[in-house]
Amino acid sequence: MPEQYSLYKWTMVIDLDRCTGCQACVVACQAENNISFNTEDRFHQHRVMEWIRVERYWDGEFPQGRAHFIPILCQHCNNAPCEPVCPVYATHHNEEGLNVQTYPRCIGTRFCANNCPYQVRFFNFWQPQWPSRMHNQLNPNVTVRYRGIIEKCSFCVQRINQGKRRAQREGRQIRDGDIMPACVQACPPSALIFGNIKDTASRVYRLAQDKRSYRLLADLGTDPNVVYLKKVEY
Ligand code: SF4
């Protein structure tokens, strides 16, 4: 039975032909969402936390080899494998197509992270800490998560809610481009595009029909709400 959606179904399009691998999206996400620092020892323990990461692949051998980049974040799947395995219903699908994580419900079993084929869910092994001089840079619109729970990309749901409230105050629908998650706003070549795919005049709707478009690991049937556009090879 397909999910029924409200006025909005949030979708992100990632144009791999534009991505330069600069990682501005990663830093913007880290700052917006109060993600704790990844120190060297955490890297060595394979316990880094990044809600969006940029994977790098080499094509060819040195010195002719070329690097390809692919940003990976929660795919907000319509048939999300993480959802049915959560024993306490901490992760679920909302009527706007978002895969929502309810932090106070999470008991840290990590079944969801093990069932996610994209490896985009992260367990808080440590109580997050920042140097005291950084405390004032924390985003008051986003909770600081505590040790022992799973967290992941929310498509910057706080910005989606702000955009909806602004549109409501002004007595109108949300316009295309009104809402930008932090990664979308920070991307210098505009490789990331966000919008409501139910709006047939939106950029994401048009780009999702492009012949370069594909879904990551589509054969698994997860039906993601993140659409990739293939790199153009010459
Ligand atoms: S900011 Fe844009 S160009 Fe830079 S790595 Fe992220 S998606 Fe790619």
# chains A, B, ... in the order shown; residues from 1 in each chain; ligands from 1

$ residues_around --residues "Thr143 of chain A" --least-positions-apart "4" --cutoff "12 Å" --atoms "only C-alpha atoms" --output "list in words"
Glu32, Asn33, Asn34, Ile35, Ser36, Thr102, Tyr103, Pro104, Pro128, Leu138, Asn139, Glu151, Cys156, Val157 and Gln158 of chain A

$ residues_around --residues "segment 161-171 of chain A" --least-positions-apart "6" --cutoff "10 Å" --atoms "only C-alpha atoms" --output "list in words"
Asn141, Asp178, Ile179 and Met180 of chain A

$ write_last_selection --atoms "C-alpha atoms" --output "PDB file, in the first residue's frame"
ATOM      1  CA  ASN A 141      16.656  25.387  16.975  1.00  0.00           C
ATOM      2  CA  ASP A 178      11.880  28.929  -0.038  1.00  0.00           C
ATOM      3  CA  ILE A 179      13.389  26.138   2.044  1.00  0.00           C
ATOM      4  CA  MET A 180      17.052  25.254   1.914  1.00  0.00           C
TER       5      MET A 180
END

$ residues_near_ligand --ligand "ligand 1" --cutoff "12 Å" --atoms "only C-alpha atoms and all ligand atoms" --output "ChimeraX atom specification"
/A:12-29,52-56,68-73,181-193,228-229

$ write_last_selection --atoms "N, CA and C atoms" --output "tab-separated table (two decimals), in the first residue's frame"
chain	number	residue	atom	x	y	z
A	12	MET	N	15.39	15.67	-2.40
A	12	MET	CA	16.65	16.33	-2.73
A	12	MET	C	17.22	15.73	-4.01
A	13	VAL	N	17.69	16.59	-4.89
A	13	VAL	CA	18.37	16.14	-6.10
A	13	VAL	C	19.85	16.49	-5.96
A	14	ILE	N	20.72	15.55	-6.28
A	14	ILE	CA	22.17	15.76	-6.17
A	14	ILE	C	22.79	15.58	-7.54
A	15	ASP	N	23.30	16.66	-8.09
A	15	ASP	CA	23.88	16.64	-9.43
A	15	ASP	C	25.37	16.32	-9.33
A	16	LEU	N	25.73	15.08	-9.65
A	16	LEU	CA	27.13	14.65	-9.50
A	16	LEU	C	28.04	15.33	-10.52
A	17	ASP	N	27.46	15.89	-11.55
A	17	ASP	CA	28.27	16.60	-12.53
A	17	ASP	C	28.74	17.95	-12.00
A	18	ARG	N	28.07	18.45	-10.98
A	18	ARG	CA	28.45	19.74	-10.41
A	18	ARG	C	29.32	19.58	-9.17
A	19	CYS	N	29.19	18.47	-8.46
A	19	CYS	CA	29.90	18.31	-7.19
A	19	CYS	C	31.40	18.30	-7.40
A	20	THR	N	32.12	19.16	-6.65
A	20	THR	CA	33.58	19.22	-6.76
A	20	THR	C	34.26	18.55	-5.57
A	21	GLY	N	33.48	18.03	-4.65
A	21	GLY	CA	34.06	17.36	-3.48
A	21	GLY	C	34.63	18.32	-2.45
A	22	CYS	N	34.18	19.56	-2.44
A	22	CYS	CA	34.78	20.58	-1.55
A	22	CYS	C	34.42	20.37	-0.08
A	23	GLN	N	33.36	19.64	0.21
A	23	GLN	CA	32.92	19.32	1.58
A	23	GLN	C	32.30	20.50	2.33
A	24	ALA	N	31.95	21.56	1.63
A	24	ALA	CA	31.26	22.67	2.31
A	24	ALA	C	29.94	22.18	2.90
A	25	CYS	N	29.29	21.23	2.21
A	25	CYS	CA	28.02	20.69	2.70
A	25	CYS	C	28.21	19.99	4.04
A	26	VAL	N	29.34	19.29	4.18
A	26	VAL	CA	29.61	18.54	5.41
A	26	VAL	C	29.77	19.50	6.58
A	27	VAL	N	30.54	20.58	6.36
A	27	VAL	CA	30.80	21.55	7.43
A	27	VAL	C	29.51	22.29	7.78
A	28	ALA	N	28.73	22.65	6.77
A	28	ALA	CA	27.48	23.38	7.02
A	28	ALA	C	26.52	22.53	7.84
A	29	CYS	N	26.46	21.24	7.51
A	29	CYS	CA	25.57	20.32	8.24
A	29	CYS	C	26.03	20.19	9.68
A	52	ILE	N	26.12	13.99	6.58
A	52	ILE	CA	26.35	13.89	5.14
A	52	ILE	C	27.84	13.67	4.96
A	53	ARG	N	28.21	12.75	4.11
A	53	ARG	CA	29.63	12.52	3.83
A	53	ARG	C	29.84	12.55	2.31
A	54	VAL	N	31.06	12.88	1.91
A	54	VAL	CA	31.35	12.91	0.47
A	54	VAL	C	32.32	11.77	0.18
A	55	GLU	N	31.83	10.74	-0.52
A	55	GLU	CA	32.68	9.60	-0.85
A	55	GLU	C	33.48	9.91	-2.11
A	56	ARG	N	34.70	9.40	-2.14
A	56	ARG	CA	35.57	9.68	-3.29
A	56	ARG	C	35.96	8.36	-3.96
A	68	HIS	N	36.11	10.98	-8.55
A	68	HIS	CA	34.66	11.21	-8.62
A	68	HIS	C	34.14	11.33	-7.20
A	69	PHE	N	33.18	12.20	-7.01
A	69	PHE	CA	32.65	12.43	-5.66
A	69	PHE	C	31.16	12.13	-5.63
A	70	ILE	N	30.72	11.59	-4.52
A	70	ILE	CA	29.28	11.36	-4.35
A	70	ILE	C	28.89	11.67	-2.90
A	71	PRO	N	28.12	12.73	-2.70
A	71	PRO	CA	27.63	13.03	-1.34
A	71	PRO	C	26.56	12.01	-0.95
A	72	ILE	N	26.69	11.46	0.27
A	72	ILE	CA	25.74	10.46	0.76
A	72	ILE	C	25.12	10.98	2.06
A	73	LEU	N	23.82	10.95	2.13
A	73	LEU	CA	23.09	11.35	3.33
A	73	LEU	C	21.90	10.42	3.46
A	181	PRO	N	17.88	23.30	3.14
A	181	PRO	CA	18.70	22.70	4.20
A	181	PRO	C	20.10	23.31	4.15
A	182	ALA	N	20.84	23.19	5.26
A	182	ALA	CA	22.14	23.86	5.36
A	182	ALA	C	23.08	23.44	4.24
A	183	CYS	N	23.08	22.14	3.90
A	183	CYS	CA	24.01	21.68	2.86
A	183	CYS	C	23.69	22.30	1.51
A	184	VAL	N	22.40	22.45	1.23
A	184	VAL	CA	21.97	23.04	-0.05
A	184	VAL	C	22.41	24.50	-0.11
A	185	GLN	N	22.21	25.20	1.00
A	185	GLN	CA	22.56	26.62	1.03
A	185	GLN	C	24.07	26.83	0.88
A	186	ALA	N	24.86	25.89	1.41
A	186	ALA	CA	26.31	26.10	1.44
A	186	ALA	C	27.02	25.64	0.17
A	187	CYS	N	26.37	24.83	-0.64
A	187	CYS	CA	27.06	24.21	-1.78
A	187	CYS	C	27.44	25.26	-2.83
A	188	PRO	N	28.75	25.52	-3.05
A	188	PRO	CA	29.15	26.59	-3.99
A	188	PRO	C	28.66	26.37	-5.42
A	189	PRO	N	28.76	25.15	-5.99
A	189	PRO	CA	28.29	25.00	-7.39
A	189	PRO	C	26.81	24.62	-7.49
A	190	SER	N	26.06	24.74	-6.41
A	190	SER	CA	24.63	24.39	-6.41
A	190	SER	C	24.38	22.98	-6.91
A	191	ALA	N	25.18	22.04	-6.40
A	191	ALA	CA	25.00	20.64	-6.80
A	191	ALA	C	23.81	20.01	-6.10
A	192	LEU	N	23.37	20.62	-5.00
A	192	LEU	CA	22.25	20.08	-4.23
A	192	LEU	C	21.02	20.96	-4.44
A	193	ILE	N	19.90	20.34	-4.73
A	193	ILE	CA	18.65	21.09	-4.96
A	193	ILE	C	17.58	20.43	-4.11
A	228	TYR	N	19.76	11.16	-7.61
A	228	TYR	CA	21.09	11.53	-8.12
A	228	TYR	C	21.01	11.77	-9.62
A	229	LEU	N	21.82	12.72	-10.09
A	229	LEU	CA	21.97	12.94	-11.53
A	229	LEU	C	23.37	12.50	-11.92

$ closest_residue --among "A:Ala90, A:Leu220, A:Ala208, A:Leu98" --to "Cys116 of chain A" --atoms "only C-alpha atoms"
A:Leu220

$ closest_residue --among "A:Phe37, A:Phe43, A:Ala113, A:Ser6" --to "Gln129 of chain A" --atoms "only C-alpha atoms"
A:Phe37

$ residues_around --residues "Lys152 of chain A" --least-positions-apart "2" --cutoff "8 Å" --atoms "only C-alpha atoms" --output "PyMOL selection string"
chain A and resi 51+74+101+120-122+150+154

$ write_last_selection --atoms "all heavy atoms" --output "mmCIF file, in the first residue's frame"
data_model
loop_
_atom_site.group_PDB
_atom_site.id
_atom_site.type_symbol
_atom_site.label_atom_id
_atom_site.label_comp_id
_atom_site.auth_asym_id
_atom_site.auth_seq_id
_atom_site.Cartn_x
_atom_site.Cartn_y
_atom_site.Cartn_z
ATOM 1 N N TRP A 51 26.439 13.586 9.227
ATOM 2 C CA TRP A 51 25.112 13.289 8.675
ATOM 3 C C TRP A 51 25.148 13.267 7.147
ATOM 4 O O TRP A 51 24.304 12.677 6.508
ATOM 5 C CB TRP A 51 24.090 14.325 9.160
ATOM 6 C CG TRP A 51 23.715 14.154 10.598
ATOM 7 C CD1 TRP A 51 24.252 13.295 11.510
ATOM 8 C CD2 TRP A 51 22.695 14.867 11.304
ATOM 9 N NE1 TRP A 51 23.641 13.430 12.726
ATOM 10 C CE2 TRP A 51 22.687 14.395 12.629
ATOM 11 C CE3 TRP A 51 21.801 15.871 10.927
ATOM 12 C CZ2 TRP A 51 21.799 14.889 13.591
ATOM 13 C CZ3 TRP A 51 20.920 16.361 11.881
ATOM 14 C CH2 TRP A 51 20.919 15.865 13.196
ATOM 15 N N CYS A 74 21.111 10.571 4.528
ATOM 16 C CA CYS A 74 19.919 9.744 4.659
ATOM 17 C C CYS A 74 19.064 9.912 3.416
ATOM 18 O O CYS A 74 18.797 11.039 2.981
ATOM 19 C CB CYS A 74 19.110 10.138 5.901
ATOM 20 S SG CYS A 74 17.535 9.257 6.000
ATOM 21 N N GLN A 101 13.397 10.777 13.016
ATOM 22 C CA GLN A 101 14.017 10.101 14.155
ATOM 23 C C GLN A 101 13.580 10.820 15.430
ATOM 24 O O GLN A 101 13.855 12.018 15.589
ATOM 25 C CB GLN A 101 15.543 10.143 14.010
ATOM 26 C CG GLN A 101 16.312 9.475 15.113
ATOM 27 C CD GLN A 101 16.254 7.945 15.031
ATOM 28 O OE1 GLN A 101 15.795 7.398 14.040
ATOM 29 N NE2 GLN A 101 16.669 7.282 16.077
ATOM 30 N N VAL A 120 24.003 5.523 6.919
ATOM 31 C CA VAL A 120 23.895 6.956 7.198
ATOM 32 C C VAL A 120 23.332 7.234 8.593
ATOM 33 O O VAL A 120 22.992 8.368 8.902
ATOM 34 C CB VAL A 120 23.003 7.662 6.152
ATOM 35 C CG1 VAL A 120 23.716 7.712 4.813
ATOM 36 C CG2 VAL A 120 21.650 6.983 6.034
ATOM 37 N N ARG A 121 23.235 6.181 9.397
ATOM 38 C CA ARG A 121 22.757 6.371 10.777
ATOM 39 C C ARG A 121 23.938 6.202 11.712
ATOM 40 O O ARG A 121 24.742 5.287 11.553
ATOM 41 C CB ARG A 121 21.667 5.347 11.104
ATOM 42 C CG ARG A 121 20.437 5.541 10.274
ATOM 43 C CD ARG A 121 19.358 4.518 10.548
ATOM 44 N NE ARG A 121 18.085 5.134 10.277
ATOM 45 C CZ ARG A 121 17.332 5.701 11.194
ATOM 46 N NH1 ARG A 121 17.697 5.690 12.465
ATOM 47 N NH2 ARG A 121 16.200 6.267 10.870
ATOM 48 N N PHE A 122 24.008 7.084 12.707
ATOM 49 C CA PHE A 122 25.188 7.107 13.569
ATOM 50 C C PHE A 122 24.782 6.993 15.028
ATOM 51 O O PHE A 122 23.819 7.620 15.462
ATOM 52 C CB PHE A 122 25.980 8.399 13.348
ATOM 53 C CG PHE A 122 26.466 8.516 11.938
ATOM 54 C CD1 PHE A 122 25.710 9.187 10.983
ATOM 55 C CD2 PHE A 122 27.644 7.908 11.557
ATOM 56 C CE1 PHE A 122 26.132 9.257 9.660
ATOM 57 C CE2 PHE A 122 28.077 7.975 10.242
ATOM 58 C CZ PHE A 122 27.320 8.647 9.297
ATOM 59 N N ILE A 150 20.660 6.955 18.356
ATOM 60 C CA ILE A 150 21.001 7.032 16.931
ATOM 61 C C ILE A 150 20.552 8.385 16.394
ATOM 62 O O ILE A 150 19.490 8.886 16.757
ATOM 63 C CB ILE A 150 20.268 5.903 16.167
ATOM 64 C CG1 ILE A 150 20.928 4.544 16.425
ATOM 65 C CG2 ILE A 150 20.167 6.195 14.692
ATOM 66 C CD1 ILE A 150 22.144 4.226 15.588
ATOM 67 N N SER A 154 18.078 14.998 8.874
ATOM 68 C CA SER A 154 16.633 15.209 8.967
ATOM 69 C C SER A 154 16.126 16.080 7.806
ATOM 70 O O SER A 154 14.992 16.539 7.838
ATOM 71 C CB SER A 154 16.297 15.897 10.295
ATOM 72 O OG SER A 154 16.861 17.201 10.291
#

$ select_by_dssp --residues "segment 56-219 of chain A" --states "strand (DSSP E or B)" --output "PyMOL selection string"
chain A and resi 56-59+66-73+91-93+99-101+122-123+150-151+192-196+213-214
